[in-house]
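J.: Dropping the structure in here first, questions after.
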Amino acid sequence: MDMLWSGWGDPAKAAPLPDSVTGLLRDLLGVTPRESGPADLADIAAPAAALPDEARTALRAALGAPDALREDAESRIRHTRGKSTPDLLRIRAGEVDDIPAAVLLPGDHDEVLAVLRACAEHGVAAVPFGGGTSVVGGLAPTTKRPFVALDLRRLDRLIAVDEVSRTATLQPGLRGPQCEALLNERGWTLGHFPQSFEWATVGGFAAARSSGQASAGYGRFDEMVLGLTVATPEGTLETGRAPRSAAGPDLRQLVLGSEGALGVITAVTVRIRPLPAERIYEGWRFASFEAGTAALRRLAQDGPRPTVLRLSDEAETFVGLAQPDAIGSAALPENPGCMAVVGYEGGAEDTAARRAAACEVLLACGGELIGEEPGDRWEHGRYNAPYLRDALLDAGAFAETLETAAFWSALPGLYTAVRSALTDTLTEAGTPPLVMCHISHTYENGASLYFTVVSAQGEDAVAHWEPAKRAANDAILAAGGTISHHHGVGTDHRDWYAREIGPLGIRMLQAVKAEVDPSGVLSPGVLIPVR
């Protein structure tokens, strides 16, 4: 099944907002209903396919299947940009000026290599496409030449499982649920469950340094990766002969997070874990975000570490985003404070022991155990927030997310700075927002902050967001945060990433790109500024 072209996920799962939420948006934020809905797919006037004849012939020759090169309007529209709110607003309005010239579906590593060589020879840019879930402009190259979307869905096999070493080698086109199903039937799990899990792919997880909702227990995706196979216009890169090595810089780390700018990942070897016998999620209440943050830090630093550990601030808890399925319902307590979701997965004995020890810590930090009902609600609705975003857009609201991370000592200042930047900028524009936040991932030395912003759309919803996004990015860097913890860089964050790593860091990346992609056809302008 293809994802909804004008929104998120499965159209059958979309649902309108409850009347209580629509009324809250009207009364609190001045949101008014949209005058019209999204354009019809059939009515969008896509520019004609722009592949030169010689390039088309060469690309067809590089692909094995007769229908592996597609130039029809619908295929190209479905591969236009990603799923950020500005992306959706533009495509809902029928704007497809940056549509790919064609969609290619290679069947194996050799076909990817042949495609990249043909692209380099004929001056056609190539953008790897997994689940299409990028929210940072990762699928929107900065180029005037024609580009193709390199859809990796046919590379969807579990290549091998090494049960002695506890590793699995996966092709990049496997979506999250497919990957888990293949491993689960053998008694294993990857343990990687980002919000985009239902649609994002293994290759995308690696290319964007994804982080799943159970990262406290299973780790980030880049921590799971042991080996990579990468196709470039200049040949194949193989990395990962051992779990760890002192044989020079780790090239795996160079490829992870490279977002298609340095090559196309065609195989990923990851560590796997036994399928857990127990999964328990429960809700905790804290009097304040400060108190809850202190409790999470204590668990992250001194243990025991739960598998899932997240904390919503007062605004997010009150609205109900801590439990998406509770929004607009009577399930929220009268005085919610700050809601934390704490989860444990593993063997029955280990899970019980960690849960008991963690409860002692959380109680000592002032937490109040609410029980498993809030945790079960969170588990049931953990992938639903993007559908909620679509419903908000349908109702005339603007809704977007952004995230960052910092060391624990910098976290309070970062939280305040980003909230203030968003609130001040949007209020000055006449669309005062509701800004919510949660701690989504924790580490011994720091944590990530994930913000959700809701406001009225204003006269031009995309233009109204751009100054606020710039202000938030500036505030992140000024407060000591990283420009992205897990969404990635793409084109949206590229200029701030350049400031984060400095001119020398950028020149180092440009030098690597010049070696593996001398023609500059791999995702131009994504991650790395074009020279």
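To be explicit about the labels: the chains of the structure tokens are called A, B, and onward in the order shown, and within each one the residues are counted from 1, while ligands get numbers from 1 in the order they are shown.
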Determine, using only C-alpha atoms, which residues of stretch 402-483 of chain A have any atom at most 12 Å from an atom of stretch 198-218 of chain A, and tabulate each with its shortest atom pair and distance in Å to one decimal place, rows ordered by chain and then rising number, as JSON lines.

T.:
{"residue": "A:Glu403", "atom": "CA", "partner": "A:Ser211", "partner_atom": "CA", "distance": 11.7}
{"residue": "A:Ile439", "atom": "CA", "partner": "A:Gln213", "partner_atom": "CA", "distance": 10.7}
{"residue": "A:Ser440", "atom": "CA", "partner": "A:Gln213", "partner_atom": "CA", "distance": 7.1}
{"residue": "A:His441", "atom": "CA", "partner": "A:Ser215", "partner_atom": "CA", "distance": 6.5}
{"residue": "A:Thr442", "atom": "CA", "partner": "A:Ala216", "partner_atom": "CA", "distance": 6.2}
{"residue": "A:Tyr443", "atom": "CA", "partner": "A:Ala216", "partner_atom": "CA", "distance": 7.3}
{"residue": "A:Glu444", "atom": "CA", "partner": "A:Ala216", "partner_atom": "CA", "distance": 10.0}
{"residue": "A:Gly446", "atom": "CA", "partner": "A:Ala216", "partner_atom": "CA", "distance": 11.9}
{"residue": "A:Ala447", "atom": "CA", "partner": "A:Ala216", "partner_atom": "CA", "distance": 10.4}
{"residue": "A:Ser448", "atom": "CA", "partner": "A:Ser211", "partner_atom": "CA", "distance": 10.4}
{"residue": "A:Tyr450", "atom": "CA", "partner": "A:Gln213", "partner_atom": "CA", "distance": 11.9}

J.: For A:Ala315, please output as a VMD selection string all residues within 12 Å (counting only C-alpha atoms; exclusion window: fewer than 2 positions along the same chain).

T.: chain A and resid 288 to 289 311 to 313 317 to 322 335 to 339 419 433 to 438 451 to 454

J.: Which residues are close to stretch 234-246 of chain A, i.e. within 9 Å by only C-alpha atoms, leaving aside same-chain residues fewer than 2 positions away? Reply as an MDAnalysis selection string.

T.: chainID A and resid 113 116:117 225:232 248:252 263 269 515:518

J.: So, counting only C-alpha atoms, which residue among A:Ile476, A:Val526, A:Ala456, A:Ile272 is closest to A:Asp27?

T.: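 Result for the nearest residue to A:Asp27: A:Ala456.
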
J.: Which neighbours of A:Gln457 fall inside 8 Å, counting only C-alpha atoms, when residues of the same chain fewer than 5 positions from it are skipped, and could you give them as a ChimeraX atom specification?

T.: /A:31,396-398,431,464

J.: Please produce an output containing N, CA and C atoms for each residue in the selection, written as a PDB file, in the first residue's frame.

T.:
ATOM      1  N   VAL A  31      -8.645  29.621  15.496  1.00  0.00           N
ATOM      2  CA  VAL A  31      -8.625  28.803  14.285  1.00  0.00           C
ATOM      3  C   VAL A  31     -10.006  28.823  13.629  1.00  0.00           C
ATOM      4  N   GLY A 396      -8.242  23.620   9.766  1.00  0.00           N
ATOM      5  CA  GLY A 396      -7.803  24.994   9.588  1.00  0.00           C
ATOM      6  C   GLY A 396      -6.691  25.422  10.505  1.00  0.00           C
ATOM      7  N   ALA A 397      -6.169  24.494  11.306  1.00  0.00           N
ATOM      8  CA  ALA A 397      -5.058  24.811  12.206  1.00  0.00           C
ATOM      9  C   ALA A 397      -3.731  24.531  11.524  1.00  0.00           C
ATOM     10  N   PHE A 398      -2.696  25.141  12.035  1.00  0.00           N
ATOM     11  CA  PHE A 398      -1.329  24.817  11.621  1.00  0.00           C
ATOM     12  C   PHE A 398      -0.715  23.998  12.745  1.00  0.00           C
ATOM     13  N   THR A 431      -0.735  35.116  15.128  1.00  0.00           N
ATOM     14  CA  THR A 431      -1.245  33.748  15.296  1.00  0.00           C
ATOM     15  C   THR A 431      -0.636  33.149  16.557  1.00  0.00           C
ATOM     16  N   HIS A 464       3.884  31.896   7.096  1.00  0.00           N
ATOM     17  CA  HIS A 464       3.718  32.255   8.511  1.00  0.00           C
ATOM     18  C   HIS A 464       4.611  31.405   9.402  1.00  0.00           C
TER      19      HIS A 464
END

J.: Do a neighbour search on A:Glu185 at 12 Å with only C-alpha atoms, toss out local chain neighbours closer than 6 positions, and write the hits as a ChimeraX atom specification.

T.: /A:158,161,178-179,274-275

J.: Contacts of A:Pro386 at 9 Å or less, counting only C-alpha atoms, minus same-chain residues fewer than 4 places along, as a ChimeraX atom specification?

T.: /A:7-9,195-196,390-391

J.: With distances taken over only C-alpha atoms, which of A:Ala399, A:His487, A:Tyr387, A:Thr307 is nearest to A:Ala12?

T.: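 Checking each of A:Ala399, A:His487, A:Tyr387, A:Thr307 against A:Ala12, counting only C-alpha atoms, the winner is A:Tyr387.
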
J.: What separation in Å, quoted to one decimal, exists between atom CA of A:Ala357 and atom CA of A:Ala410?

T.: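 Distance reported for this atom pair: 27.9 Å.
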
J.: Residues near A:Glu345, anyone? I mean within 10 Å using only C-alpha atoms, not counting same-chain ones fewer than 3 positions away, as a PDB file with N, CA and C atoms, in the first residue's frame.

T.:
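Done, and the output landed in out07.pdb:
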ATOM      1  N   GLY A 191      13.714  -3.922  17.978  1.00  0.00           N
ATOM      2  CA  GLY A 191      13.460  -2.995  19.087  1.00  0.00           C
ATOM      3  C   GLY A 191      13.478  -1.538  18.671  1.00  0.00           C
ATOM      4  N   ALA A 214      11.566   3.355  22.080  1.00  0.00           N
ATOM      5  CA  ALA A 214      12.115   2.476  23.117  1.00  0.00           C
ATOM      6  C   ALA A 214      13.640   2.588  23.189  1.00  0.00           C
ATOM      7  N   GLY A 217      15.863   1.573  26.237  1.00  0.00           N
ATOM      8  CA  GLY A 217      16.224   0.184  26.447  1.00  0.00           C
ATOM      9  C   GLY A 217      16.992  -0.444  25.310  1.00  0.00           C
ATOM     10  N   TYR A 218      16.628  -0.116  24.062  1.00  0.00           N
ATOM     11  CA  TYR A 218      17.236  -0.757  22.900  1.00  0.00           C
ATOM     12  C   TYR A 218      18.319   0.086  22.237  1.00  0.00           C
ATOM     13  N   LEU A 275      12.967 -11.742  21.419  1.00  0.00           N
ATOM     14  CA  LEU A 275      11.631 -11.172  21.526  1.00  0.00           C
ATOM     15  C   LEU A 275      11.222 -11.135  22.997  1.00  0.00           C
ATOM     16  N   PRO A 276      10.810  -9.978  23.531  1.00  0.00           N
ATOM     17  CA  PRO A 276      10.523  -9.890  24.968  1.00  0.00           C
ATOM     18  C   PRO A 276       9.300 -10.720  25.365  1.00  0.00           C
ATOM     19  N   ALA A 277       9.407 -11.338  26.533  1.00  0.00           N
ATOM     20  CA  ALA A 277       8.279 -12.111  27.060  1.00  0.00           C
ATOM     21  C   ALA A 277       7.250 -11.202  27.716  1.00  0.00           C
ATOM     22  N   GLU A 278       7.697 -10.058  28.212  1.00  0.00           N
ATOM     23  CA  GLU A 278       6.816  -9.123  28.912  1.00  0.00           C
ATOM     24  C   GLU A 278       6.953  -7.724  28.318  1.00  0.00           C
ATOM     25  N   ARG A 279       5.834  -7.033  28.212  1.00  0.00           N
ATOM     26  CA  ARG A 279       5.817  -5.609  27.866  1.00  0.00           C
ATOM     27  C   ARG A 279       4.834  -4.922  28.803  1.00  0.00           C
ATOM     28  N   ILE A 280       5.326  -4.001  29.596  1.00  0.00           N
ATOM     29  CA  ILE A 280       4.483  -3.292  30.555  1.00  0.00           C
ATOM     30  C   ILE A 280       4.759  -1.801  30.414  1.00  0.00           C
ATOM     31  N   TYR A 281       3.698  -1.004  30.231  1.00  0.00           N
ATOM     32  CA  TYR A 281       3.817   0.444  30.153  1.00  0.00           C
ATOM     33  C   TYR A 281       2.868   1.050  31.186  1.00  0.00           C
ATOM     34  N   PRO A 306      14.559   1.942  32.356  1.00  0.00           N
ATOM     35  CA  PRO A 306      13.405   1.339  31.686  1.00  0.00           C
ATOM     36  C   PRO A 306      13.678   1.219  30.184  1.00  0.00           C
ATOM     37  N   THR A 307      12.765   0.574  29.483  1.00  0.00           N
ATOM     38  CA  THR A 307      12.870   0.467  28.031  1.00  0.00           C
ATOM     39  C   THR A 307      12.318   1.704  27.349  1.00  0.00           C
ATOM     40  N   VAL A 308      11.225   2.226  27.878  1.00  0.00           N
ATOM     41  CA  VAL A 308      10.599   3.459  27.392  1.00  0.00           C
ATOM     42  C   VAL A 308      10.597   4.459  28.532  1.00  0.00           C
ATOM     43  N   ALA A 348      10.441 -12.072  31.991  1.00  0.00           N
ATOM     44  CA  ALA A 348       9.507 -11.780  33.082  1.00  0.00           C
ATOM     45  C   ALA A 348      10.229 -11.386  34.363  1.00  0.00           C
ATOM     46  N   ASP A 350      13.422 -10.296  34.807  1.00  0.00           N
ATOM     47  CA  ASP A 350      14.173  -9.052  34.652  1.00  0.00           C
ATOM     48  C   ASP A 350      13.238  -7.847  34.625  1.00  0.00           C
ATOM     49  N   THR A 351      12.133  -7.979  33.912  1.00  0.00           N
ATOM     50  CA  THR A 351      11.188  -6.872  33.806  1.00  0.00           C
ATOM     51  C   THR A 351      10.608  -6.521  35.171  1.00  0.00           C
ATOM     52  N   ALA A 352      10.226  -7.524  35.932  1.00  0.00           N
ATOM     53  CA  ALA A 352       9.663  -7.284  37.261  1.00  0.00           C
ATOM     54  C   ALA A 352      10.680  -6.613  38.180  1.00  0.00           C
ATOM     55  N   ARG A 354      13.385  -4.743  37.325  1.00  0.00           N
ATOM     56  CA  ARG A 354      13.654  -3.360  36.910  1.00  0.00           C
ATOM     57  C   ARG A 354      12.472  -2.462  37.237  1.00  0.00           C
ATOM     58  N   ARG A 355      11.274  -2.968  37.046  1.00  0.00           N
ATOM     59  CA  ARG A 355      10.088  -2.169  37.337  1.00  0.00           C
ATOM     60  C   ARG A 355      10.011  -1.829  38.816  1.00  0.00           C
TER      61      ARG A 355
END

J.: Out of A:Pro529, A:Gly371, A:Gly488, A:Pro432, which residue has the shortest atom-to-atom distance to A:Pro503 when counting only C-alpha atoms?

T.: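 Smallest separation from A:Pro503 among the options: A:Pro529.
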
J.: Which is closer to A:Leu139 than all the others in A:Asp376, A:Leu256, A:Ala261, A:Phe197, using only C-alpha atoms?

T.: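 Between A:Asp376, A:Leu256, A:Ala261, A:Phe197, the residue approaching A:Leu139 most closely is A:Ala261.
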
J.: Counting only C-alpha atoms, which residue out of A:Val530, A:Leu254, A:Ser6, A:Asp151 sits closest to A:Gly37?

T.: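 Smallest separation from A:Gly37 among the options: A:Ser6.
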
J.: So, counting only C-alpha atoms, which residue among A:Ala125, A:Ile483, A:Val148, A:Ala93 is closest to A:Leu105?

T.: A:Val148

J.: Go ahead and compute the interatomic distance for atom CA of A:Gly131 and atom CA of A:Thr143, in Å to one decimal.

T.: 22.1 Å

J.: Stretch 179-367 of chain A: which residues are helix (DSSP H, G or I) by DSSP, as JSON, numbers by chain?

T.: {"A": [179, 180, 181, 182, 183, 184, 202, 203, 204, 205, 206, 207, 215, 216, 217, 218, 221, 222, 223, 224, 251, 252, 253, 254, 255, 289, 290, 291, 292, 293, 294, 295, 296, 297, 298, 299, 300, 301, 302, 314, 315, 316, 317, 318, 319, 324, 325, 326, 348, 349, 350, 351, 352, 353, 354, 355, 356, 357, 358, 359, 360, 361, 362, 363, 364]}
